[in-house]
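Participant: For reference, this is upload_34.txt, and it has compact mmCIF, C-alpha atoms.
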```txt
# COMPACT_ATOMS: atom_id res chain seq x y z
CA MET U 165 -158.21 -81.89 115.42
CA ASN U 166 -159.43 -84.97 113.56
CA ILE U 167 -157.62 -88.07 114.75
CA SER U 168 -157.78 -91.75 113.83
CA VAL U 169 -156.32 -94.48 116.02
CA VAL U 170 -155.35 -97.82 114.44
CA GLY U 171 -155.52 -100.56 117.04
CA LEU U 172 -157.97 -100.39 119.93
CA GLY U 173 -156.13 -102.42 122.53
CA TYR U 174 -154.81 -101.04 125.80
CA VAL U 175 -152.93 -98.02 124.40
CA GLY U 176 -155.29 -97.29 121.51
CA ALA U 177 -158.47 -97.37 123.57
CA VAL U 178 -157.04 -95.10 126.26
CA CYS U 179 -155.59 -92.59 123.77
CA SER U 180 -158.83 -92.53 121.76
CA ALA U 181 -160.92 -91.78 124.82
CA CYS U 182 -158.54 -89.15 126.22
CA PHE U 183 -157.98 -87.26 122.98
CA ALA U 184 -161.76 -87.21 122.44
CA ASN U 185 -162.15 -85.95 125.98
CA GLU U 186 -159.90 -83.00 125.01
CA GLY U 187 -162.37 -81.99 122.32
CA HIS U 188 -160.84 -83.72 119.30
CA ASN U 189 -162.88 -85.79 116.84
CA VAL U 190 -161.55 -89.33 117.16
CA ILE U 191 -162.23 -92.43 115.05
CA GLY U 192 -160.85 -95.64 116.49
CA MET U 193 -160.17 -98.41 113.98
CA ASP U 194 -159.69 -102.11 114.65
CA ILE U 195 -160.23 -105.29 112.67
CA ASP U 196 -161.88 -106.79 115.77
CA ALA U 197 -165.59 -106.03 115.41
CA VAL U 198 -166.21 -106.85 119.07
CA LYS U 199 -163.96 -104.00 120.23
CA VAL U 200 -165.56 -101.65 117.71
CA ASP U 201 -169.08 -102.53 118.83
CA LEU U 202 -168.17 -102.15 122.50
CA ILE U 203 -166.79 -98.65 121.98
CA ASN U 204 -169.71 -97.57 119.83
CA SER U 205 -172.05 -98.72 122.59
CA GLY U 206 -170.12 -96.62 125.11
CA LYS U 207 -168.29 -99.53 126.74
CA ALA U 208 -164.57 -100.17 127.30
CA PRO U 209 -162.91 -103.07 125.42
CA ILE U 210 -160.47 -103.54 128.35
CA VAL U 211 -160.59 -103.20 132.13
CA GLU U 212 -159.01 -99.87 133.03
CA LYS U 213 -159.94 -97.43 135.78
CA ASP U 214 -162.30 -94.65 134.51
CA LEU U 215 -161.91 -95.70 130.86
CA GLU U 216 -165.55 -96.72 130.35
CA ASP U 217 -166.73 -93.40 131.75
CA TYR U 218 -164.49 -91.51 129.32
CA ILE U 219 -165.62 -93.64 126.37
CA SER U 220 -169.32 -93.41 127.23
CA ARG U 221 -169.21 -89.64 127.75
CA ASN U 222 -167.42 -88.92 124.49
CA VAL U 223 -169.43 -91.35 122.38
CA LYS U 224 -172.59 -89.62 123.58
CA ALA U 225 -171.03 -86.23 122.78
CA GLY U 226 -170.28 -87.38 119.23
CA ARG U 227 -166.52 -86.94 119.57
CA LEU U 228 -165.63 -90.64 119.60
CA LYS U 229 -166.63 -93.56 117.43
CA ALA U 230 -165.07 -96.78 116.19
CA THR U 231 -164.98 -98.59 112.85
CA THR U 232 -163.47 -101.60 111.09
CA ASP U 233 -163.02 -99.51 107.94
CA LEU U 234 -159.53 -97.96 107.73
CA LYS U 235 -160.47 -95.85 104.72
CA GLU U 236 -163.26 -94.21 106.71
CA ALA U 237 -160.86 -93.54 109.57
CA ILE U 238 -158.15 -91.96 107.40
CA ASP U 239 -160.51 -90.01 105.17
CA ASN U 240 -162.01 -88.34 108.22
CA SER U 241 -158.76 -87.54 110.04
CA ASP U 242 -155.55 -85.53 109.67
CA ILE U 243 -153.50 -87.59 112.14
CA THR U 244 -153.39 -91.39 112.26
CA ILE U 245 -151.98 -92.95 115.44
CA ILE U 246 -150.62 -96.50 115.13
CA SER U 247 -151.11 -98.41 118.39
CA VAL U 248 -150.98 -102.04 117.32
CA GLY U 249 -149.15 -104.78 119.21
CA THR U 250 -145.41 -105.45 118.92
CA PRO U 251 -144.97 -108.90 120.50
CA SER U 252 -141.70 -110.82 120.86
CA GLU U 253 -140.52 -113.50 118.47
CA ALA U 254 -139.11 -116.76 119.83
CA ASN U 255 -135.54 -115.39 119.65
CA GLY U 256 -136.48 -112.20 121.54
CA ASN U 257 -136.60 -109.94 118.49
CA ILE U 258 -139.58 -107.64 118.02
CA ASN U 259 -142.35 -108.93 115.73
CA LEU U 260 -143.32 -106.14 113.32
CA GLN U 261 -146.08 -108.05 111.52
CA TYR U 262 -148.89 -105.78 112.73
CA ILE U 263 -146.80 -102.64 112.23
CA LYS U 264 -146.05 -103.59 108.61
CA GLU U 265 -149.68 -104.49 107.94
CA ALA U 266 -150.80 -101.13 109.34
CA ALA U 267 -148.18 -99.27 107.28
CA LYS U 268 -149.24 -101.03 104.08
CA ALA U 269 -152.90 -100.29 104.69
CA ILE U 270 -152.19 -96.64 105.55
CA GLY U 271 -150.04 -96.30 102.42
CA GLU U 272 -152.92 -97.54 100.28
CA LYS U 273 -155.33 -95.04 101.79
CA LEU U 274 -152.87 -92.11 101.62
CA LYS U 275 -152.48 -92.76 97.90
CA GLU U 276 -156.00 -91.42 97.48
CA LYS U 277 -155.63 -88.44 99.81
CA ASP U 278 -154.48 -84.99 98.70
CA THR U 279 -154.03 -83.23 102.05
CA PHE U 280 -150.99 -83.45 104.37
CA HIS U 281 -151.53 -86.37 106.75
CA ILE U 282 -149.45 -87.30 109.81
CA VAL U 283 -148.75 -90.92 110.73
CA SER U 284 -147.83 -91.17 114.42
CA MET U 285 -146.19 -94.26 115.91
CA ARG U 286 -147.47 -94.83 119.44
CA SER U 287 -146.51 -98.53 119.54
CA THR U 288 -143.12 -99.38 121.05
CA VAL U 289 -140.70 -100.11 118.20
CA LEU U 290 -136.92 -100.43 118.05
CA PRO U 291 -134.73 -97.58 116.75
CA GLY U 292 -134.66 -97.55 112.96
CA THR U 293 -138.18 -98.93 112.57
CA GLY U 294 -139.61 -95.61 111.45
CA LYS U 295 -136.97 -94.70 108.87
CA ASN U 296 -136.09 -98.21 107.71
CA VAL U 297 -139.44 -100.00 107.81
CA VAL U 298 -142.57 -97.88 108.20
CA ILE U 299 -141.69 -94.82 106.13
CA PRO U 300 -140.34 -96.83 103.14
CA ILE U 301 -143.50 -98.97 103.08
CA ILE U 302 -145.80 -95.95 103.13
CA GLU U 303 -143.72 -94.08 100.55
CA GLU U 304 -143.56 -97.02 98.14
CA ILE U 305 -147.28 -97.79 98.30
CA SER U 306 -148.61 -94.23 98.45
CA GLY U 307 -146.12 -92.72 96.02
CA LYS U 308 -145.65 -89.84 98.47
CA LYS U 309 -142.61 -88.45 100.29
CA ALA U 310 -142.24 -88.37 104.08
CA GLY U 311 -141.69 -84.88 105.45
CA VAL U 312 -143.18 -83.36 102.29
CA ASP U 313 -146.47 -85.07 101.40
CA PHE U 314 -147.06 -86.74 104.75
CA GLY U 315 -145.55 -86.48 108.21
CA TYR U 316 -144.14 -89.27 110.32
CA VAL U 317 -143.92 -88.87 114.10
CA SER U 318 -142.53 -91.18 116.75
CA ASN U 319 -144.53 -90.44 119.91
CA PRO U 320 -143.94 -93.12 122.57
CA GLU U 321 -146.51 -93.59 125.32
CA PHE U 322 -145.78 -93.78 129.05
CA LEU U 323 -148.97 -95.41 130.31
CA ARG U 324 -149.18 -97.92 133.14
CA GLU U 325 -152.00 -100.42 133.37
CA SER U 326 -154.56 -99.53 136.07
CA THR U 327 -153.44 -95.86 136.08
CA ALA U 328 -153.47 -95.18 132.32
CA ILE U 329 -155.98 -92.30 132.35
CA TRP U 330 -154.09 -90.51 135.11
CA ASP U 331 -150.80 -91.19 133.29
CA PHE U 332 -152.17 -89.76 130.04
CA TYR U 333 -152.87 -86.45 131.75
CA ASN U 334 -149.80 -86.53 134.00
CA PRO U 335 -146.97 -87.96 131.90
CA PRO U 336 -143.36 -87.81 133.14
CA LYS U 337 -142.52 -86.34 129.72
CA THR U 338 -143.86 -85.97 126.20
CA VAL U 339 -141.52 -87.01 123.39
CA VAL U 340 -142.04 -86.13 119.73
CA GLY U 341 -139.61 -87.30 117.05
CA THR U 342 -140.07 -86.32 113.43
CA MET U 343 -138.29 -84.93 110.37
CA ASP U 344 -140.39 -81.90 109.46
CA GLU U 345 -141.30 -78.68 111.22
CA ASN U 346 -144.97 -78.87 110.25
CA SER U 347 -145.43 -82.09 112.22
CA TYR U 348 -143.58 -80.61 115.21
CA LYS U 349 -145.90 -77.61 115.10
CA ILE U 350 -149.07 -79.70 114.96
CA PHE U 351 -147.97 -81.91 117.86
CA ARG U 352 -147.06 -78.91 119.99
CA GLU U 353 -150.66 -77.82 119.61
CA LEU U 354 -151.99 -81.35 120.16
CA TYR U 355 -150.22 -81.62 123.53
CA SER U 356 -150.59 -78.00 124.60
CA PHE U 357 -153.02 -79.03 127.37
CA LEU U 358 -150.30 -80.96 129.24
CA ASN U 359 -148.08 -79.54 131.96
CA ALA U 360 -145.06 -81.79 131.48
CA PRO U 361 -141.52 -81.62 130.06
CA TYR U 362 -141.80 -81.60 126.26
CA PHE U 363 -138.99 -82.88 124.03
CA GLU U 364 -138.59 -82.53 120.27
CA VAL U 365 -135.94 -85.00 119.10
CA GLU U 366 -134.86 -87.13 116.16
CA ILE U 367 -137.08 -90.12 115.30
CA GLU U 368 -134.45 -92.65 116.45
CA VAL U 369 -134.03 -90.88 119.80
CA ALA U 370 -137.79 -91.01 120.41
CA GLU U 371 -137.85 -94.71 119.52
CA MET U 372 -134.97 -95.52 121.89
CA ILE U 373 -136.34 -93.64 124.90
CA LYS U 374 -139.04 -96.18 125.74
CA TYR U 375 -136.49 -99.01 125.70
CA ALA U 376 -134.13 -97.06 127.94
CA ASP U 377 -137.05 -96.40 130.31
CA ASN U 378 -138.26 -99.98 130.53
CA SER U 379 -134.80 -101.51 130.75
CA TRP U 380 -133.99 -99.15 133.63
CA HIS U 381 -137.26 -100.05 135.36
CA ALA U 382 -136.41 -103.74 134.97
CA THR U 383 -132.91 -103.07 136.32
CA LYS U 384 -134.33 -101.31 139.37
CA VAL U 385 -136.67 -104.20 140.15
CA THR U 386 -133.85 -106.74 139.77
CA PHE U 387 -131.42 -104.63 141.81
CA ALA U 388 -133.91 -104.27 144.67
CA ASN U 389 -134.68 -107.99 144.59
CA GLU U 390 -130.99 -108.93 144.76
CA ILE U 391 -130.41 -106.55 147.68
CA GLY U 392 -133.45 -108.18 149.27
CA MET U 393 -131.98 -111.67 148.81
CA ILE U 394 -128.71 -110.70 150.47
CA CYS U 395 -130.54 -108.97 153.32
CA LYS U 396 -132.77 -112.01 153.87
CA LYS U 397 -129.73 -114.26 154.19
CA LEU U 398 -128.19 -111.85 156.71
CA GLY U 399 -131.36 -111.37 158.74
CA ILE U 400 -131.74 -107.72 157.70
CA ASP U 401 -135.04 -106.02 156.83
CA SER U 402 -134.47 -105.09 153.18
CA HIS U 403 -137.36 -102.60 153.15
CA LYS U 404 -135.70 -100.59 155.91
CA VAL U 405 -132.47 -100.60 153.88
CA MET U 406 -134.21 -99.49 150.69
CA ASN U 407 -136.31 -96.85 152.45
CA VAL U 408 -133.09 -95.16 153.53
CA PHE U 409 -131.55 -95.81 150.10
CA CYS U 410 -134.48 -94.07 148.35
CA ALA U 411 -134.30 -91.08 150.71
CA ASP U 412 -131.06 -90.08 148.98
CA THR U 413 -132.27 -87.97 146.05
CA LYS U 414 -128.84 -86.40 145.53
CA LEU U 415 -127.25 -89.57 144.14
CA ASN U 416 -129.48 -92.66 144.40
CA ILE U 417 -132.83 -91.40 143.08
CA SER U 418 -131.55 -88.74 140.71
CA SER U 419 -130.04 -88.18 137.28
CA TYR U 420 -126.51 -88.47 138.70
CA TYR U 421 -124.43 -91.25 137.08
CA MET U 422 -127.04 -91.55 134.31
CA LYS U 423 -125.02 -90.13 131.40
CA PRO U 424 -123.22 -92.70 129.20
CA GLY U 425 -119.46 -92.42 129.28
CA PHE U 426 -116.43 -94.37 130.43
CA ALA U 427 -116.06 -97.01 133.14
CA PHE U 428 -116.50 -96.31 136.87
CA GLY U 429 -113.51 -96.30 139.21
CA GLY U 430 -112.13 -94.73 142.36
CA SER U 431 -111.70 -95.87 145.92
CA CYS U 432 -115.31 -96.89 146.60
CA LEU U 433 -117.38 -98.35 143.78
CA PRO U 434 -115.12 -101.21 142.59
CA LYS U 435 -114.11 -102.45 146.04
CA ASP U 436 -117.63 -102.20 147.47
CA VAL U 437 -119.22 -104.05 144.56
CA ARG U 438 -116.59 -106.79 144.94
CA ALA U 439 -117.17 -107.01 148.68
CA LEU U 440 -120.96 -107.21 148.37
CA THR U 441 -120.90 -109.84 145.62
CA TYR U 442 -118.36 -111.89 147.61
CA LYS U 443 -120.63 -111.68 150.66
CA ALA U 444 -123.64 -112.70 148.57
CA LYS U 445 -121.75 -115.73 147.30
CA SER U 446 -120.66 -116.67 150.82
CA VAL U 447 -124.29 -116.79 152.02
CA ASP U 448 -125.54 -118.55 148.85
CA ALA U 449 -127.48 -115.57 147.52
CA ASN U 450 -127.64 -115.71 143.72
CA THR U 451 -127.14 -112.14 142.42
CA PRO U 452 -126.54 -112.24 138.64
CA LEU U 453 -127.13 -108.51 138.12
CA LEU U 454 -124.68 -107.41 140.82
CA ASN U 455 -122.22 -110.08 139.69
CA SER U 456 -122.24 -108.62 136.17
CA LEU U 457 -121.20 -105.11 137.21
CA MET U 458 -117.43 -105.59 137.42
CA SER U 459 -117.17 -107.66 134.22
CA SER U 460 -119.26 -105.09 132.36
CA ASN U 461 -117.06 -102.30 133.71
CA GLU U 462 -113.89 -104.09 132.66
CA TYR U 463 -115.37 -104.60 129.21
CA GLN U 464 -115.74 -100.81 128.82
CA ILE U 465 -111.96 -100.44 129.07
CA LYS U 466 -111.25 -103.16 126.50
CA ARG U 467 -113.96 -101.76 124.24
CA ILE U 468 -112.27 -98.36 123.97
CA TYR U 469 -109.08 -100.01 122.80
CA ASN U 470 -110.66 -102.52 120.40
CA GLU U 471 -113.31 -100.26 118.83
CA PHE U 472 -111.78 -96.79 118.85
CA ILE U 473 -107.99 -96.88 119.29
CA LYS U 474 -106.80 -100.10 117.62
CA PRO U 475 -108.29 -99.20 114.18
CA LEU U 476 -106.28 -95.94 114.08
CA ARG U 477 -102.92 -95.99 112.30
CA SER U 478 -100.89 -93.92 114.72
CA LYS U 479 -99.49 -95.23 118.00
CA LYS U 480 -98.66 -91.79 119.42
CA ILE U 481 -101.27 -90.86 122.03
CA ALA U 482 -101.65 -87.93 124.40
CA VAL U 483 -103.67 -88.92 127.48
CA LEU U 484 -105.33 -85.89 129.10
CA GLY U 485 -106.44 -86.69 132.62
CA ILE U 486 -105.40 -89.95 134.25
CA SER U 487 -107.07 -89.67 137.66
CA PHE U 488 -110.46 -91.38 137.82
CA LYS U 489 -112.33 -88.05 137.78
CA PRO U 490 -111.46 -84.32 137.52
CA ASN U 491 -110.24 -82.16 140.39
CA THR U 492 -108.58 -85.04 142.21
CA ASP U 493 -105.22 -86.83 142.10
CA ASP U 494 -106.79 -90.18 143.08
CA LEU U 495 -105.43 -92.96 140.90
CA ARG U 496 -107.04 -95.80 142.82
CA GLU U 497 -108.72 -98.10 140.29
CA SER U 498 -108.78 -95.33 137.73
CA PRO U 499 -110.16 -96.83 134.49
CA ILE U 500 -108.19 -94.40 132.32
CA LEU U 501 -105.03 -95.52 134.16
CA GLU U 502 -105.90 -99.13 133.33
CA LEU U 503 -106.48 -98.22 129.69
CA THR U 504 -103.17 -96.32 129.58
CA GLU U 505 -101.32 -99.33 130.99
CA LEU U 506 -103.01 -101.52 128.37
CA LEU U 507 -101.80 -99.15 125.64
CA ILE U 508 -98.25 -99.11 127.00
CA GLY U 509 -98.26 -102.89 126.99
CA LYS U 510 -99.42 -102.85 123.35
CA GLY U 511 -96.44 -100.70 122.36
CA TYR U 512 -98.11 -97.30 122.11
CA LYS U 513 -96.01 -94.19 122.72
CA ILE U 514 -97.81 -92.35 125.51
CA LYS U 515 -97.54 -88.88 126.98
CA ILE U 516 -99.74 -87.89 129.93
CA TYR U 517 -101.00 -84.53 131.13
CA ASP U 518 -102.86 -84.27 134.43
CA PRO U 519 -102.11 -81.20 136.59
CA ASN U 520 -103.57 -82.76 139.74
CA VAL U 521 -101.45 -85.89 139.43
CA LEU U 522 -98.42 -83.74 138.57
CA LYS U 523 -98.87 -81.97 141.88
CA ALA U 524 -98.90 -85.33 143.63
CA LYS U 525 -95.64 -86.16 141.84
CA GLU U 526 -93.97 -83.46 143.89
CA GLU U 527 -95.81 -83.99 147.17
CA GLY U 528 -98.80 -85.86 148.57
CA ALA U 529 -99.99 -89.38 149.14
CA ASN U 530 -99.41 -90.47 145.53
CA LYS U 531 -95.73 -89.46 145.41
CA ALA U 532 -94.45 -92.84 146.59
CA LEU U 533 -97.04 -94.66 144.44
CA LEU U 534 -95.85 -92.88 141.30
CA GLU U 535 -92.18 -93.39 142.08
CA ASN U 536 -92.50 -97.10 142.87
CA GLU U 537 -95.56 -99.01 141.60
CA LEU U 538 -96.44 -96.56 138.82
CA TRP U 539 -92.94 -95.54 137.69
CA HIS U 540 -93.93 -96.40 134.10
CA ILE U 541 -96.71 -93.79 134.37
CA ASN U 542 -94.55 -91.30 136.28
CA GLU U 543 -91.98 -91.10 133.49
CA LYS U 544 -94.64 -90.24 130.94
CA LEU U 545 -96.17 -87.31 132.88
CA SER U 546 -95.63 -83.82 131.50
CA ASN U 547 -96.53 -80.34 132.76
CA ASN U 548 -96.65 -78.89 129.24
CA LEU U 549 -100.11 -79.42 127.73
CA ASP U 550 -99.27 -77.78 124.41
CA LYS U 551 -96.17 -79.92 123.94
CA VAL U 552 -98.02 -83.13 124.83
CA ILE U 553 -100.66 -82.34 122.21
CA GLN U 554 -98.17 -81.19 119.57
CA GLU U 555 -96.02 -84.32 119.79
CA ASN U 556 -98.88 -86.80 119.41
CA ASP U 557 -101.45 -87.69 116.75
CA ILE U 558 -104.27 -88.97 118.99
CA ILE U 559 -105.70 -87.11 121.97
CA LEU U 560 -107.46 -89.30 124.54
CA ILE U 561 -109.64 -87.28 126.93
CA GLY U 562 -109.59 -89.36 130.11
CA ASN U 563 -111.59 -87.30 132.59
CA GLY U 564 -113.97 -84.36 132.55
CA SER U 565 -111.62 -81.49 133.43
CA LYS U 566 -113.07 -78.30 131.94
CA GLU U 567 -109.73 -77.21 130.47
CA PHE U 568 -109.91 -80.09 128.00
CA ALA U 569 -112.93 -78.56 126.25
CA ASP U 570 -110.66 -76.00 124.57
CA VAL U 571 -108.42 -78.80 123.35
CA ILE U 572 -111.28 -80.30 121.34
CA GLN U 573 -112.20 -76.96 119.82
CA THR U 574 -108.68 -75.90 118.81
CA ASN U 575 -107.04 -79.11 117.56
CA LYS U 576 -108.79 -79.96 114.32
CA ASP U 577 -105.70 -81.72 112.94
CA LYS U 578 -105.65 -84.36 115.69
CA THR U 579 -107.86 -87.40 116.23
CA ILE U 580 -109.69 -86.81 119.50
CA ILE U 581 -111.29 -89.65 121.47
CA ASP U 582 -113.53 -88.21 124.17
CA LEU U 583 -114.45 -90.63 126.98
CA MET U 584 -116.42 -88.06 128.98
CA ARG U 585 -118.21 -85.70 126.52
CA VAL U 586 -116.52 -82.63 127.95
CA ILE U 587 -118.35 -80.60 125.31
CA ASP U 588 -121.78 -81.20 123.78
CA LYS U 589 -120.65 -82.56 120.45
CA LYS U 590 -121.50 -85.52 118.25
CA SER U 591 -118.90 -87.74 116.60
CA GLU U 592 -117.68 -86.22 113.35
CA ASN U 593 -114.48 -86.04 111.30
CA ASN U 594 -111.59 -85.99 113.82
CA TYR U 595 -113.78 -86.16 116.95
CA ILE U 596 -114.87 -89.55 118.31
CA GLY U 597 -117.43 -89.72 121.12
CA ILE U 598 -117.67 -93.20 122.63
CA GLY U 599 -121.45 -93.12 123.08
CA TRP U 600 -122.58 -90.16 120.99
```
Go ahead and render the structure in this file as structure tokens.

Facilitator:
Amino acid sequence: MNISVVGLGYVGAVCSACFANEGHNVIGMDIDAVKVDLINSGKAPIVEKDLEDYISRNVKAGRLKATTDLKEAIDNSDITIISVGTPSEANGNINLQYIKEAAKAIGEKLKEKDTFHIVSMRSTVLPGTGKNVVIPIIEEISGKKAGVDFGYVSNPEFLRESTAIWDFYNPPKTVVGTMDENSYKIFRELYSFLNAPYFEVEIEVAEMIKYADNSWHATKVTFANEIGMICKKLGIDSHKVMNVFCADTKLNISSYYMKPGFAFGGSCLPKDVRALTYKAKSVDANTPLLNSLMSSNEYQIKRIYNEFIKPLRSKKIAVLGISFKPNTDDLRESPILELTELLIGKGYKIKIYDPNVLKAKEEGANKALLENELWHINEKLSNNLDKVIQENDIILIGNGSKEFADVIQTNKDKTIIDLMRVIDKKSENNYIGIGW
């Protein structure tokens, strides 16, 4: 393929060299003549392991060259990769100056081009940048329509400095977001040499992924450092603790707990977070991340009421599942129980269906709890799911019991608020997903 790369910094230089190394004809473009001259002489514009060897080899083979002329780059390519900088503004917002300048220049050049051309965003940009900023600029200037006359692809990079060449060939995933099948098809071919999970998604999803990745990486670093601070105060070797922690790939280093949904609860997480943060405070270890966990969790409960329930007209709600997770009767620090109590206090008429808790109503450890401390919940429990649904206007899915999936599918006349995504469904009409 014929590829042009706008911006020959860290990402652009590496991508140019690697795509050329895969046999593509690559023209790198930058307004900095020094970078252009370095590449054309077979040298790397940045320090990166093996990069100069890749550049030198492919320049000599005639597959890679650089220019300051954008028209030359676009005229001689079918795909243009934008890899310019996206620095922070003083208030933390992303600065799109270079992105907008690139989009304007590309729009001008596409005005003169008759063939289908793909513009690929490799720079890290916030969700909405493609559809609300870049595409409108290119369409207005070029007079062409995205998805018809030109393609737009969000294709985030996952390169680490000092290992960028290795990362290019061994990515954790490849993500392609676009709006037309032709662009998907071309990028499937472009990345066919990689043996990695490949995802075709919406443009906004592709844009968001890099931010989710980097925020999680930052969270991991901060979490480990705060555990380290507590351990240091207690005379414990934090590396020994974290070595054992990381050996658990069932829960700790895994995808478990990584799907957005409702608040955490149960007999372990809340009390153990409180205990650890209290201990940290008692030994003067400052742990702002750990300290934020309980307040953030409590906010999730208030958020459901304020954003999703309060705006609805009806006050008649069926709560399906009140234990903190399915297949258990455990009500200890159940977030859906807390939300239900909030709704009762606000004057909502509540009916509750939870077969596991109903069993505990007759026998088990929760019998006394329901009859004494939770009598206001006990009196609202019902063993008739159909009746609970029929008598109420709003259905609140409180845990992930599989039987509740049918409720969503068969009750189109009710407003359903799903806290757990018990079926793979996006918010629409009568169905409200709290994070989807």

Participant: Restricting the calculation to all atoms listed in the file: of U:Ala529, U:Leu172, U:Ile500, U:Ile587, which residue gets closest to Asn563 (chain U)?

Facilitator: U:Ile500

Participant: Find the residues around Glu471 (chain U) up to 12 Å (only C-alpha atoms counted), leave out those fewer than 6 positions away in its own chain, and share them as a ChimeraX atom specification.

Facilitator: /U:463-465,581,596-599

Participant: Take the point (-158.3, -83.2, 123.9) as written in the file and pick out every residue within 12 Å of it, counting only C-alpha atoms; give the list as a list in words.

Facilitator: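 Residues lying no farther than 12 Å from the given point: Met165, Asn166, Ile167, Cys179, Ser180, Ala181, Cys182, Phe183, Ala184, Asn185, Glu186, Gly187, His188, Asn189, Val190, Tyr218, Asn222, Arg227, Leu228, Phe332, Tyr333, Glu353, Leu354, Tyr355, Ser356, Phe357 and Leu358 of chain U.
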
Participant: One number please: CA of Phe409 (chain U) to CA of Asp448 (chain U), in Å, one decimal.

Facilitator: 23.6 Å

Participant: Report, in Å with one decimal, the straight-line distance from CA of Glu321 (chain U) to CA of Asn257 (chain U).

Facilitator: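 We find that CA of Glu321 (chain U) and CA of Asn257 (chain U) lie 20.3 Å from each other.
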
Participant: Identify the residues around (-132.3, -110.9, 145.3) within a radius of 10 Å, measuring from all atoms listed in the file in the coordinates stated by the file, and give them as a PyMOL selection string.

Facilitator: chain U and resi 385-397+444+449-454

Participant: Put those residues in a file: C-alpha atoms, as a PDB file, in the frame of the given file.

Facilitator:
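Dumped to out22.pdb:
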```pdb
ATOM      1  CA  VAL U 385    -136.670-104.200 140.150  1.00  0.00           C
ATOM      2  CA  THR U 386    -133.850-106.740 139.770  1.00  0.00           C
ATOM      3  CA  PHE U 387    -131.420-104.630 141.810  1.00  0.00           C
ATOM      4  CA  ALA U 388    -133.910-104.270 144.670  1.00  0.00           C
ATOM      5  CA  ASN U 389    -134.680-107.990 144.590  1.00  0.00           C
ATOM      6  CA  GLU U 390    -130.990-108.930 144.760  1.00  0.00           C
ATOM      7  CA  ILE U 391    -130.410-106.550 147.680  1.00  0.00           C
ATOM      8  CA  GLY U 392    -133.450-108.180 149.270  1.00  0.00           C
ATOM      9  CA  MET U 393    -131.980-111.670 148.810  1.00  0.00           C
ATOM     10  CA  ILE U 394    -128.710-110.700 150.470  1.00  0.00           C
ATOM     11  CA  CYS U 395    -130.540-108.970 153.320  1.00  0.00           C
ATOM     12  CA  LYS U 396    -132.770-112.010 153.870  1.00  0.00           C
ATOM     13  CA  LYS U 397    -129.730-114.260 154.190  1.00  0.00           C
ATOM     14  CA  ALA U 444    -123.640-112.700 148.570  1.00  0.00           C
ATOM     15  CA  ALA U 449    -127.480-115.570 147.520  1.00  0.00           C
ATOM     16  CA  ASN U 450    -127.640-115.710 143.720  1.00  0.00           C
ATOM     17  CA  THR U 451    -127.140-112.140 142.420  1.00  0.00           C
ATOM     18  CA  PRO U 452    -126.540-112.240 138.640  1.00  0.00           C
ATOM     19  CA  LEU U 453    -127.130-108.510 138.120  1.00  0.00           C
ATOM     20  CA  LEU U 454    -124.680-107.410 140.820  1.00  0.00           C
TER      21      LEU U 454
END
```

Participant: Between CA of Phe472 (chain U) and CA of Glu537 (chain U), measure the distance and give it in Å to one decimal.

Facilitator: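 Taking CA of Phe472 (chain U) as the start and CA of Glu537 (chain U) as the end point, the length is 28.0 Å.
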
Participant: Which is closest to Val369 (chain U) among U:Gly425, U:Pro490, U:Pro434, U:Gly294, if we use all atoms listed in the file?

Facilitator: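 The closest residue to Val369 (chain U) is U:Gly294.
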
Participant: Quick one: of U:Leu501, U:Val317, U:Ile302, U:Met372, who's nearest to Leu534 (chain U), counting all atoms listed in the file?

Facilitator: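 Between U:Leu501, U:Val317, U:Ile302, U:Met372, the residue approaching Leu534 (chain U) most closely is U:Leu501.
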
Participant: Just the residues within 9 Å of Lys489 (chain U), please, counting all atoms listed in the file, with nothing from its chain fewer than 5 positions along; format it as a list of chain:residue names.

Facilitator: U:Gly429, U:Gly430, U:Asp494, U:Ser498, U:Gly562, U:Asn563, U:Gly564, U:Ser565

Participant: Between U:Ser252, U:Ser456, U:Asn548, U:Ser284, which has the minimum distance to Ala267 (chain U) (counting all atoms listed in the file)?

Facilitator: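 Result for the nearest residue to Ala267 (chain U): U:Ser284.
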
Participant: So that I can see what lies close to Leu260 (chain U), please list as a ChimeraX atom specification the residues with an atom at most 9 Å from it, counting all atoms listed in the file and leaving out residues fewer than 5 positions away in the same chain.

Facilitator: /U:249-251,265,289,293

Participant: Which is closest to Tyr512 (chain U) among U:Leu323, U:Met285, U:Ile481, U:Met343, if we use all atoms listed in the file?

Facilitator: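 Answer, going by the shortest atom-to-atom distance: U:Ile481.
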
Participant: For a quick check of understanding, using all atoms listed in the file, which of U:Glu502, U:Asp570, U:Glu303, U:Asp412 has the smallest distance to Glu462 (chain U)?

Facilitator: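 Of U:Glu502, U:Asp570, U:Glu303, U:Asp412, the one nearest Glu462 (chain U), counting all atoms listed in the file, is U:Glu502.
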
Participant: For Ala328 (chain U), find every residue with an atom within 9 Å (counting all atoms listed in the file), except residues of its own chain fewer than 6 positions away, and show them as a list in words.

Facilitator: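 Those residues are Tyr174, Val175, Val178, Glu212, Lys213, Leu215 and Phe322 of chain U.
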
Participant: Would you pick out the contacts of Val571 (chain U) at 9 Å or less, using all atoms listed in the file, so that residues sharing its chain but fewer than 2 positions from it are not included, and give the list as a compact mmCIF listing (two decimals) with C-alpha atoms, keeping the file's coordinate frame?

Facilitator:
```
# COMPACT_ATOMS: atom_id res chain seq x y z
CA ILE U 553 -100.66 -82.34 122.21
CA ILE U 559 -105.70 -87.11 121.97
CA GLU U 567 -109.73 -77.21 130.47
CA PHE U 568 -109.91 -80.09 128.00
CA ALA U 569 -112.93 -78.56 126.25
CA GLN U 573 -112.20 -76.96 119.82
CA THR U 574 -108.68 -75.90 118.81
CA ASN U 575 -107.04 -79.11 117.56
CA ILE U 580 -109.69 -86.81 119.50
```
